[in-house]
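J.: My structure is stored as work10.txt, with compact mmCIF, C-alpha atoms.
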# COMPACT_ATOMS: atom_id res chain seq x y z
CA MET O 21 -18.61 -13.51 -16.23
CA ILE O 22 -17.80 -10.37 -14.23
CA LYS O 23 -14.23 -10.54 -12.95
CA ALA O 24 -12.58 -8.86 -9.97
CA ASP O 25 -10.35 -5.90 -10.79
CA VAL O 26 -7.12 -5.33 -8.85
CA LEU O 27 -5.61 -1.97 -7.91
CA LEU O 28 -2.06 -1.81 -6.61
CA GLY O 29 1.04 0.35 -6.31
CA LEU O 30 3.93 -0.01 -8.74
CA GLN O 31 6.70 1.66 -6.76
CA TRP O 32 7.80 1.56 -3.10
CA GLY O 33 4.36 2.39 -1.74
CA ASP O 34 2.76 5.79 -1.05
CA GLU O 35 1.68 6.07 -4.69
CA GLY O 36 -1.79 7.41 -3.91
CA LYS O 37 -3.84 4.21 -4.02
CA GLY O 38 -6.29 5.41 -1.37
CA LYS O 39 -7.36 8.42 -3.40
CA ILE O 40 -7.92 6.38 -6.56
CA VAL O 41 -9.89 3.67 -4.74
CA ASP O 42 -12.06 6.45 -3.34
CA VAL O 43 -12.52 7.92 -6.84
CA LEU O 44 -13.36 4.54 -8.41
CA THR O 45 -15.56 3.11 -5.63
CA PRO O 46 -18.88 4.31 -7.16
CA LYS O 47 -18.23 1.85 -10.01
CA TYR O 48 -17.94 -1.13 -7.65
CA ASP O 49 -20.12 -3.09 -5.23
CA ILE O 50 -17.29 -4.41 -3.06
CA ILE O 51 -13.87 -3.01 -2.11
CA ALA O 52 -11.60 -5.70 -0.64
CA ARG O 53 -8.18 -5.27 1.00
CA PHE O 54 -6.04 -8.32 0.30
CA GLN O 55 -2.76 -7.93 2.20
CA GLY O 56 -0.71 -5.83 4.58
CA GLY O 57 -1.91 -4.25 7.78
CA PRO O 58 -1.68 -0.99 9.70
CA ASN O 59 1.74 -0.33 8.17
CA ALA O 60 -0.30 1.02 5.23
CA GLY O 61 -1.45 4.62 5.20
CA HIS O 62 -4.06 5.32 2.52
CA THR O 63 -4.78 9.04 2.37
CA LEU O 64 -8.08 10.38 1.03
CA GLU O 65 -9.09 14.02 0.79
CA PHE O 66 -12.51 15.49 0.05
CA ASN O 67 -14.64 18.42 1.24
CA GLY O 68 -11.46 20.00 2.56
CA ILE O 69 -10.85 17.17 5.06
CA LYS O 70 -7.91 14.75 5.00
CA HIS O 71 -8.51 11.13 6.05
CA VAL O 72 -5.89 8.42 6.62
CA LEU O 73 -6.94 4.77 6.66
CA HIS O 74 -4.59 1.99 7.77
CA THR O 75 -6.50 -1.29 7.61
CA ILE O 76 -10.04 -0.45 6.53
CA PRO O 77 -10.55 -0.38 2.73
CA SER O 78 -10.64 3.03 1.06
CA GLY O 79 -14.22 2.63 -0.18
CA ILE O 80 -15.63 3.08 3.33
CA PHE O 81 -16.78 6.68 2.76
CA HIS O 82 -19.15 5.81 -0.09
CA PRO O 83 -22.74 4.86 0.78
CA THR O 84 -23.17 1.92 -1.57
CA ALA O 85 -20.01 -0.22 -1.51
CA LEU O 86 -19.41 -3.00 1.00
CA ASN O 87 -15.84 -3.14 2.33
CA VAL O 88 -14.06 -6.44 2.99
CA VAL O 89 -10.90 -7.01 5.02
CA GLY O 90 -9.52 -10.15 3.41
CA ASN O 91 -7.72 -13.18 4.80
CA GLY O 92 -4.33 -11.89 3.65
CA VAL O 93 -4.55 -8.85 5.92
CA VAL O 94 -3.11 -8.69 9.44
CA ILE O 95 -5.16 -6.69 11.94
CA ASP O 96 -4.06 -4.81 15.04
CA PRO O 97 -7.32 -4.64 17.03
CA VAL O 98 -6.21 -1.48 18.89
CA ILE O 99 -5.45 0.47 15.71
CA PHE O 100 -8.54 -1.01 14.06
CA LYS O 101 -10.73 0.22 16.91
CA LYS O 102 -9.28 3.73 16.60
CA GLU O 103 -10.09 3.75 12.88
CA ILE O 104 -13.63 2.59 13.55
CA ASP O 105 -14.14 5.17 16.31
CA ALA O 106 -12.94 7.97 14.00
CA LEU O 107 -15.21 6.82 11.17
CA THR O 108 -18.20 6.45 13.49
CA ALA O 109 -17.65 9.98 14.77
CA MET O 110 -17.94 11.14 11.15
CA GLY O 111 -21.27 9.38 10.73
CA VAL O 112 -20.03 6.32 8.83
CA ASP O 113 -22.07 3.20 9.63
CA VAL O 114 -19.07 0.89 9.93
CA LYS O 115 -21.04 -2.14 11.17
CA LYS O 116 -23.20 -2.01 8.06
CA LYS O 117 -20.43 -1.28 5.55
CA LEU O 118 -17.54 -3.47 6.77
CA VAL O 119 -17.01 -7.24 7.06
CA ILE O 120 -13.87 -9.13 8.09
CA SER O 121 -12.44 -12.47 7.03
CA LYS O 122 -12.29 -15.04 9.82
CA ARG O 123 -8.93 -16.10 8.35
CA ALA O 124 -7.25 -12.70 8.79
CA HIS O 125 -4.47 -12.86 11.38
CA LEU O 126 -4.29 -10.78 14.56
CA ILE O 127 -1.38 -8.59 15.62
CA LEU O 128 -0.75 -9.05 19.33
CA PRO O 129 0.96 -6.48 21.58
CA THR O 130 3.94 -8.84 21.77
CA HIS O 131 4.23 -8.84 17.98
CA ARG O 132 4.89 -5.10 18.16
CA LEU O 133 7.42 -5.58 20.94
CA ILE O 134 9.26 -8.25 18.93
CA ASP O 135 9.25 -5.94 15.89
CA ALA O 136 10.87 -3.15 17.92
CA ALA O 137 13.38 -5.52 19.55
CA SER O 138 14.37 -7.08 16.22
CA GLU O 139 14.80 -3.72 14.50
CA ALA O 140 16.87 -2.35 17.38
CA ALA O 141 19.13 -5.41 17.26
CA LYS O 142 19.90 -4.77 13.57
CA GLY O 143 21.53 -1.41 14.36
CA LYS O 144 22.77 0.28 11.20
CA ASP O 145 21.45 -2.64 9.12
CA LYS O 146 17.82 -1.99 10.08
CA ILE O 147 15.28 -2.36 7.28
CA GLY O 148 13.13 0.63 8.20
CA SER O 149 10.20 -1.27 9.73
CA THR O 150 7.11 0.73 10.68
CA LEU O 151 7.27 -1.15 14.02
CA LYS O 152 3.61 -2.13 13.73
CA GLY O 153 4.28 -5.84 14.35
CA ILE O 154 3.60 -6.80 10.73
CA GLY O 155 6.66 -8.97 10.15
CA PRO O 156 6.41 -10.98 13.38
CA THR O 157 2.69 -11.57 12.73
CA TYR O 158 3.35 -12.94 9.24
CA MET O 159 6.18 -15.03 10.70
CA ASP O 160 3.73 -16.61 13.14
CA LYS O 161 1.30 -17.13 10.26
CA THR O 162 3.85 -19.06 8.18
CA GLY O 163 5.16 -20.74 11.33
CA ARG O 164 1.61 -21.96 12.01
CA ASN O 165 1.46 -20.28 15.40
CA GLY O 166 -0.80 -17.34 14.61
CA LEU O 167 -4.15 -16.28 16.00
CA ARG O 168 -6.91 -15.45 13.55
CA VAL O 169 -10.03 -13.32 13.72
CA GLY O 170 -12.20 -16.43 13.83
CA ASP O 171 -10.40 -17.54 17.00
CA VAL O 172 -11.84 -14.66 19.04
CA GLU O 173 -15.25 -16.36 18.91
CA GLY O 174 -13.86 -19.55 20.48
CA VAL O 175 -14.12 -20.33 24.18
CA ASN O 176 -10.37 -21.03 24.35
CA PHE O 177 -9.21 -17.77 22.74
CA LYS O 178 -7.45 -16.49 25.87
CA ASP O 179 -5.68 -19.82 26.33
CA LYS O 180 -4.40 -19.63 22.73
CA TYR O 181 -3.38 -16.03 23.34
CA LYS O 182 -1.43 -16.89 26.50
CA ALA O 183 0.34 -19.81 24.80
CA LEU O 184 1.52 -17.59 21.94
CA VAL O 185 2.56 -14.79 24.29
CA GLU O 186 4.73 -17.23 26.24
CA LYS O 187 6.59 -18.07 23.01
CA HIS O 188 6.98 -14.35 22.32
CA LYS O 189 8.40 -13.74 25.80
CA GLN O 190 11.20 -16.19 25.05
CA ILE O 191 12.08 -14.22 21.91
CA LEU O 192 12.04 -10.94 23.83
CA GLU O 193 14.24 -12.47 26.50
CA PHE O 194 16.71 -13.54 23.81
CA HIS O 195 16.88 -9.92 22.61
CA ASN O 196 17.24 -8.73 26.22
CA TYR O 197 14.45 -6.29 25.47
CA SER O 198 12.69 -4.56 28.38
CA TYR O 199 8.93 -4.08 28.19
CA ASN O 200 5.74 -3.88 30.25
CA LEU O 201 3.09 -6.07 28.67
CA ALA O 202 0.59 -5.32 31.44
CA ASP O 203 0.36 -1.75 30.15
CA LEU O 204 -0.57 -2.94 26.65
CA GLU O 205 -2.99 -5.78 27.24
CA PRO O 206 -6.08 -3.90 28.56
CA ALA O 207 -6.41 -1.86 25.35
CA PHE O 208 -5.90 -5.02 23.28
CA PHE O 209 -8.67 -7.00 24.98
CA GLU O 210 -11.01 -4.00 24.95
CA ALA O 211 -10.43 -3.73 21.19
CA ILE O 212 -11.07 -7.47 20.78
CA GLU O 213 -14.51 -7.01 22.35
CA GLU O 214 -15.24 -4.19 19.89
CA LEU O 215 -14.00 -6.33 17.01
CA LYS O 216 -16.50 -9.04 17.97
CA LYS O 217 -19.36 -6.60 17.31
CA LEU O 218 -18.51 -6.61 13.59
CA THR O 219 -19.52 -9.22 11.01
CA PHE O 220 -17.00 -12.02 10.43
CA ILE O 221 -17.24 -13.91 7.14
CA ASP O 222 -15.77 -16.85 5.27
CA SER O 223 -14.32 -14.39 2.80
CA GLU O 224 -13.31 -16.88 0.11
CA HIS O 225 -16.94 -18.06 -0.20
CA PHE O 226 -18.25 -14.53 0.11
CA ILE O 227 -16.04 -13.14 -2.67
CA ASN O 228 -16.62 -16.02 -5.07
CA ASP O 229 -20.38 -15.92 -4.49
CA ALA O 230 -20.31 -12.18 -5.23
CA ILE O 231 -18.48 -12.84 -8.52
CA LYS O 232 -21.10 -15.44 -9.48
CA LYS O 233 -23.85 -12.93 -8.73
CA GLY O 234 -22.22 -10.44 -11.10
CA GLN O 235 -21.18 -7.99 -8.40
CA LYS O 236 -18.26 -5.73 -9.26
CA ILE O 237 -15.25 -6.15 -6.99
CA LEU O 238 -12.12 -4.03 -6.64
CA ALA O 239 -9.24 -5.66 -4.77
CA GLU O 240 -7.19 -2.98 -3.01
CA GLY O 241 -3.48 -3.56 -2.43
CA ALA O 242 -1.28 -1.89 0.15
CA GLN O 243 2.40 -0.82 0.02
CA GLY O 244 3.94 -1.20 -3.47
CA SER O 245 5.20 -3.83 -5.90
CA LEU O 246 8.85 -3.02 -5.22
CA LEU O 247 8.21 -3.93 -1.56
CA ASP O 248 6.87 -7.40 -2.40
CA ILE O 249 8.42 -10.12 -0.22
CA ASP O 250 9.42 -12.14 -3.30
CA PHE O 251 9.95 -9.57 -6.05
CA GLY O 252 10.86 -6.40 -4.16
CA SER O 253 14.27 -5.02 -3.19
CA TYR O 254 14.84 -7.76 -0.60
CA PRO O 255 15.49 -7.64 2.35
CA PHE O 256 14.21 -4.05 2.40
CA VAL O 257 10.65 -5.16 1.72
CA THR O 258 7.37 -5.76 3.51
CA SER O 259 6.24 -9.19 4.73
CA SER O 260 3.46 -9.92 2.23
CA ASN O 261 2.86 -10.33 -1.49
CA THR O 262 1.96 -6.84 -2.67
CA ILE O 263 1.69 -7.82 -6.34
CA CYS O 264 -1.43 -8.92 -8.24
CA ALA O 265 -0.91 -12.57 -7.29
CA GLY O 266 -1.39 -11.50 -3.67
CA ALA O 267 -5.03 -10.74 -4.46
CA CYS O 268 -5.54 -14.41 -5.31
CA ASN O 269 -4.21 -15.82 -2.05
CA GLY O 270 -5.29 -12.79 0.00
CA LEU O 271 -8.95 -13.08 -0.98
CA GLY O 272 -9.35 -16.59 -2.37
CA ILE O 273 -9.83 -15.51 -5.98
CA ALA O 274 -8.65 -17.84 -8.74
CA PRO O 275 -6.25 -16.29 -11.30
CA ASN O 276 -8.82 -16.66 -14.09
CA ARG O 277 -11.23 -14.50 -12.07
CA ILE O 278 -8.93 -11.46 -12.25
CA GLY O 279 -10.05 -8.77 -14.69
CA ASN O 280 -8.38 -5.37 -15.09
CA VAL O 281 -5.14 -4.74 -13.22
CA ILE O 282 -4.81 -1.05 -12.37
CA GLY O 283 -1.28 0.14 -11.61
CA ILE O 284 -0.77 3.35 -9.63
CA PHE O 285 2.49 5.29 -9.85
CA LYS O 286 3.76 8.74 -9.01
CA ALA O 287 5.09 11.08 -11.68
CA TYR O 288 8.36 10.73 -9.74
CA CYS O 289 9.57 8.20 -7.15
CA THR O 290 9.61 8.07 -3.36
CA ARG O 291 10.69 5.58 -0.74
CA VAL O 292 10.35 5.44 3.06
CA GLY O 293 12.94 3.69 5.20
CA SER O 294 16.07 1.86 4.15
CA GLY O 295 16.88 0.11 0.91
CA PRO O 296 18.26 0.84 -2.56
CA PHE O 297 16.72 3.66 -4.60
CA PRO O 298 18.57 4.21 -7.92
CA THR O 299 17.10 7.63 -8.81
CA GLU O 300 17.19 9.11 -5.31
CA LEU O 301 18.00 12.83 -5.14
CA ASP O 302 19.90 13.37 -1.92
CA ASN O 303 20.25 17.08 -2.64
CA GLU O 304 18.29 20.33 -2.79
CA VAL O 305 16.22 19.07 -5.73
CA GLY O 306 15.09 16.04 -3.73
CA GLU O 307 14.37 18.23 -0.71
CA LYS O 308 12.27 20.58 -2.86
CA MET O 309 10.34 17.57 -4.18
CA ARG O 310 9.75 16.41 -0.61
CA GLN O 311 8.50 19.77 0.63
CA VAL O 312 6.32 20.60 -2.38
CA GLY O 313 4.88 17.08 -2.47
CA ARG O 314 4.36 16.88 1.31
CA GLU O 315 6.29 13.65 1.20
CA PHE O 316 6.03 12.46 4.76
CA GLY O 317 4.72 9.01 5.69
CA ALA O 318 0.98 8.79 6.35
CA THR O 319 1.59 6.08 8.96
CA THR O 320 4.95 7.01 10.47
CA GLY O 321 5.39 10.69 9.59
CA ARG O 322 8.92 9.87 8.41
CA PRO O 323 10.27 12.00 5.54
CA ARG O 324 10.17 10.13 2.26
CA ARG O 325 13.24 9.89 0.08
CA CYS O 326 12.52 11.43 -3.34
CA GLY O 327 13.86 10.94 -6.86
CA TRP O 328 13.06 11.02 -10.56
CA LEU O 329 10.80 8.54 -12.32
CA ASP O 330 12.45 5.15 -12.84
CA ILE O 331 11.24 3.51 -16.07
CA PRO O 332 13.10 0.15 -15.72
CA ALA O 333 11.56 -0.30 -12.27
CA LEU O 334 8.13 0.74 -13.57
CA LYS O 335 8.34 -1.70 -16.50
CA TYR O 336 9.33 -4.47 -14.11
CA ALA O 337 6.32 -3.80 -11.88
CA ILE O 338 3.99 -3.65 -14.88
CA ALA O 339 5.29 -7.03 -16.11
CA ILE O 340 5.02 -8.98 -12.85
CA ASN O 341 1.51 -7.62 -12.21
CA GLY O 342 0.09 -7.88 -15.73
CA VAL O 343 -0.99 -4.24 -15.55
CA THR O 344 -3.69 -3.31 -18.06
CA GLU O 345 -3.99 0.41 -17.28
CA LEU O 346 -1.96 3.02 -15.45
CA MET O 347 -2.89 5.96 -13.27
CA MET O 348 -0.30 8.67 -12.66
CA MET O 349 -0.35 10.57 -9.38
CA LYS O 350 1.02 13.91 -8.22
CA ALA O 351 1.62 15.46 -11.64
CA ASP O 352 0.99 18.82 -9.94
CA ILE O 353 4.13 18.47 -7.81
CA LEU O 354 6.41 18.55 -10.86
CA SER O 355 4.94 21.92 -11.89
CA ASP O 356 7.67 23.50 -9.75
CA PHE O 357 10.51 22.15 -11.92
CA ASP O 358 11.75 23.74 -15.16
CA THR O 359 13.22 20.50 -16.44
CA LEU O 360 12.55 16.88 -15.56
CA GLN O 361 14.80 13.85 -15.62
CA VAL O 362 13.54 10.35 -16.41
CA CYS O 363 15.66 7.26 -15.84
CA THR O 364 15.29 5.17 -19.00
CA HIS O 365 18.15 2.68 -18.47
CA TYR O 366 20.76 1.53 -15.97
CA LEU O 367 24.46 1.02 -16.42
CA HIS O 368 24.95 -2.46 -14.97
CA LYS O 369 28.35 -4.16 -14.98
CA GLY O 370 29.43 -2.12 -17.98
CA GLU O 371 26.24 -2.79 -19.93
CA LYS O 372 23.31 -0.46 -20.65
CA ILE O 373 20.11 -2.28 -19.67
CA ASP O 374 16.41 -1.32 -19.53
CA TYR O 375 15.24 -3.85 -16.95
CA LEU O 376 15.49 -4.31 -13.18
CA PRO O 377 18.38 -6.65 -12.30
CA TYR O 378 18.76 -8.83 -9.19
CA SER O 379 20.54 -6.05 -7.30
CA ILE O 380 19.87 -2.33 -7.63
CA GLU O 381 22.39 -1.28 -5.00
CA PRO O 382 24.38 1.84 -5.99
CA SER O 383 27.46 -0.31 -6.51
CA ASP O 384 25.60 -2.35 -9.13
CA VAL O 385 23.52 0.15 -11.11
CA THR O 386 23.88 3.75 -12.26
CA PRO O 387 20.78 5.46 -13.68
CA VAL O 388 20.87 6.82 -17.22
CA TYR O 389 18.61 9.86 -17.70
CA GLU O 390 16.83 11.68 -20.46
CA GLU O 391 15.78 15.29 -19.92
CA LEU O 392 12.28 16.60 -20.62
CA LYS O 393 10.81 20.07 -20.40
CA GLY O 394 8.68 20.88 -17.35
CA TRP O 395 5.31 22.64 -17.55
CA ASN O 396 5.52 25.40 -14.91
CA VAL O 397 1.72 25.66 -14.79
CA ASP O 398 -0.62 25.29 -11.82
CA LEU O 399 -2.60 22.13 -12.62
CA THR O 400 -4.72 21.95 -9.50
CA LYS O 401 -7.81 23.72 -10.86
CA MET O 402 -7.88 22.06 -14.27
CA THR O 403 -10.89 19.91 -15.08
CA SER O 404 -10.23 18.12 -18.38
CA LYS O 405 -7.39 16.63 -20.38
CA THR O 406 -7.77 19.35 -23.01
CA SER O 407 -6.73 21.95 -20.44
CA LEU O 408 -3.47 20.22 -19.56
CA PRO O 409 -0.26 21.94 -20.76
CA GLN O 410 1.40 20.41 -23.79
CA GLU O 411 4.55 19.59 -21.81
CA LEU O 412 2.54 17.41 -19.42
CA THR O 413 0.77 15.73 -22.33
CA ASP O 414 4.20 15.09 -23.84
CA TYR O 415 5.38 13.60 -20.52
CA ILE O 416 2.37 11.27 -20.43
CA ASN O 417 2.86 10.19 -24.06
CA TYR O 418 6.57 9.66 -23.42
CA ILE O 419 5.88 7.32 -20.49
CA GLU O 420 3.18 5.42 -22.38
CA LYS O 421 5.54 4.82 -25.27
CA LEU O 422 8.28 3.46 -22.98
CA VAL O 423 6.08 1.17 -20.87
CA GLU O 424 3.49 0.25 -23.54
CA VAL O 425 0.49 0.61 -21.23
CA PRO O 426 -2.07 3.47 -21.40
CA ILE O 427 -2.42 6.06 -18.65
CA SER O 428 -6.16 6.42 -17.96
CA ILE O 429 -6.09 8.87 -15.03
CA VAL O 430 -3.79 11.73 -14.05
CA SER O 431 -4.07 13.13 -10.54
CA ILE O 432 -3.45 16.88 -10.20
CA GLY O 433 -4.07 17.31 -6.48
CA PRO O 434 -5.00 15.42 -3.31
CA ASP O 435 -8.77 16.00 -3.44
CA ARG O 436 -10.99 13.42 -5.15
CA THR O 437 -12.18 16.15 -7.54
CA GLN O 438 -8.61 16.87 -8.72
CA THR O 439 -8.63 13.92 -11.09
CA ILE O 440 -8.29 14.05 -14.88
CA PHE O 441 -9.74 11.16 -16.87
CA MET O 442 -7.65 10.67 -20.01
CA SER O 443 -10.14 8.46 -21.85
Once more with this new file: its structure as structure tokens, please.
T.:
Amino acid sequence: MIKADVLLGLQWGDEGKGKIVDVLTPKYDIIARFQGGPNAGHTLEFNGIKHVLHTIPSGIFHPTALNVVGNGVVIDPVIFKKEIDALTAMGVDVKKKLVISKRAHLILPTHRLIDAASEAAKGKDKIGSTLKGIGPTYMDKTGRNGLRVGDVEGVNFKDKYKALVEKHKQILEFHNYSYNLADLEPAFFEAIEELKKLTFIDSEHFINDAIKKGQKILAEGAQGSLLDIDFGSYPFVTSSNTICAGACNGLGIAPNRIGNVIGIFKAYCTRVGSGPFPTELDNEVGEKMRQVGREFGATTGRPRRCGWLDIPALKYAIAINGVTELMMMKADILSDFDTLQVCTHYLHKGEKIDYLPYSIEPSDVTPVYEELKGWNVDLTKMTSKTSLPQELTDYINYIEKLVEVPISIVSIGPDRTQTIFMS
């Protein structure tokens, strides 16, 4: 039986998942997003044009694949409409190539207001939310208050909307947060009408029927494993399960229907927002990495924190996801460094360990590094693994030995053509 493959990030997000989904899409019939929402920013680049997708799966630009927004995703209709409008302007037949789970939850304007109010109330303890309303929407989902895509087809949708908004107003009043909902609602309801023009599906039946028919499916994750609500650096995490298990409950796929698990990681590490980051370089080296790598959030524009590759964290993510193959991104960015550092262990309570402990706060762990030679070669025009410099090949072999999983792709630039297949 054909099984669904899963592609996900192994760090704190921004690993380059969008590019790889775009590269791999010709091999698949269906690309399905399984969690997250418009807090994601999947960047694709081809024909000299940069594209950023937030909710729509990254296979949308290919003519053959059908794209599914799964039940585990939360959708902001206003942002969704903007994405659709931009794609339509480029000639993409979105209505033909995109279907949406009826069970996916909707982000209301008041969810965004609550997100902003909650983050403001935290002060210096803020978690670095993207302020897209993701957390409050998932809270309503688990609190059994949420509105779903399927509800927009019901005659009582506006009544359900008003009832939920009244609950949200009480929360906003508690936070003493000033707002003008009347300014936000017209765009929301206009976007709802546009949403209704798309095809809604019972995605769990749709996906399982596709598997039975032998169709090839790639489940696309958003954010990264270290932002998982259960296994990430809590509380500085997202509100969904970003790991492989999230594909099961975010699409309705049984665990025994999962095939290859593709883990995406950068040749170094980045993080947006607050939270612990053991290998962070808060110095000129980190700033150089940020500038050379154009490390600014695709969704928020915020500068990303940068640091060296963290092997204990990578091994942890590989283990909890059952990763079967790795793909390394942004190898070209490290071309600007004479020497590289790789964190192989932590010092934790006086002990040298090679795994991720409960807390990775600076007071609990100190990274232990090994130094490797850089390659100082422009990789961006290379076309095969035989053309790669020996130092980069050594870096790849070094990582493979430590994590015991093969690296099948190395990205050497943002364009879909700047991709080296290692096997």
J.: Given all atoms listed in the file as the basis, pick out the residue of O:Pro382, O:Thr150, O:Lys39, O:Val89 nearest to Gly293 in chain O.
T.: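 Among the listed residues, O:Thr150 lies closest to Gly293 in chain O.
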J.: Name the closest residue to Gly174 in chain O among the candidates O:Ile373, O:Ala109, O:Val388, O:Lys122; distances are taken between atoms, counting only C-alpha atoms.
T.: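 Among the listed residues, the smallest separation from Gly174 in chain O belongs to O:Lys122.
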J.: Enter the distance from CA of Ala183 in chain O to CA of Ala141 in chain O, in Å, rounded to one decimal.
T.: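 These atoms are spaced 24.8 Å apart.
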J.: Find the spatial neighbours of Leu354 in chain O, counting all atoms listed in the file, within a cut-off of 9 Å - ignore same-chain residues fewer than 6 positions away - and output them as a VMD selection string.
T.: chain O and resid 287 to 288 309 312 to 313 360 394 to 396
J.: Kindly give the distance, in Å, that separates CA of Arg325 in chain O and CA of Phe285 in chain O, rounded to a single decimal.
T.: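 We find that CA of Arg325 in chain O and CA of Phe285 in chain O lie 15.3 Å from each other.
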J.: Within 6 Å of (-1.1, 9.6, -11.1) in the file's own coordinates, which protein, DNA or RNA residues have an atom, counting only C-alpha atoms? List them as a ChimeraX atom specification.
T.: /O:285-286,347-350,430-431
J.: Could you put an axis-aligned box around every listed atom of range 220-235 of chain O, padded by 4 Å on each side, and send me its centre and edge lengths in Å to one decimal, as JSON?
T.:
{"center_x": -18.6, "center_y": -13.0, "center_z": -0.3, "size_x": 18.5, "size_y": 18.1, "size_z": 29.5}
J.: Which residues are close to Ile249 in chain O, i.e. within 8 Å by only C-alpha atoms, leaving aside same-chain residues fewer than 6 positions away? Reply as a PyMOL selection string.
T.: chain O and resi 255+257-262
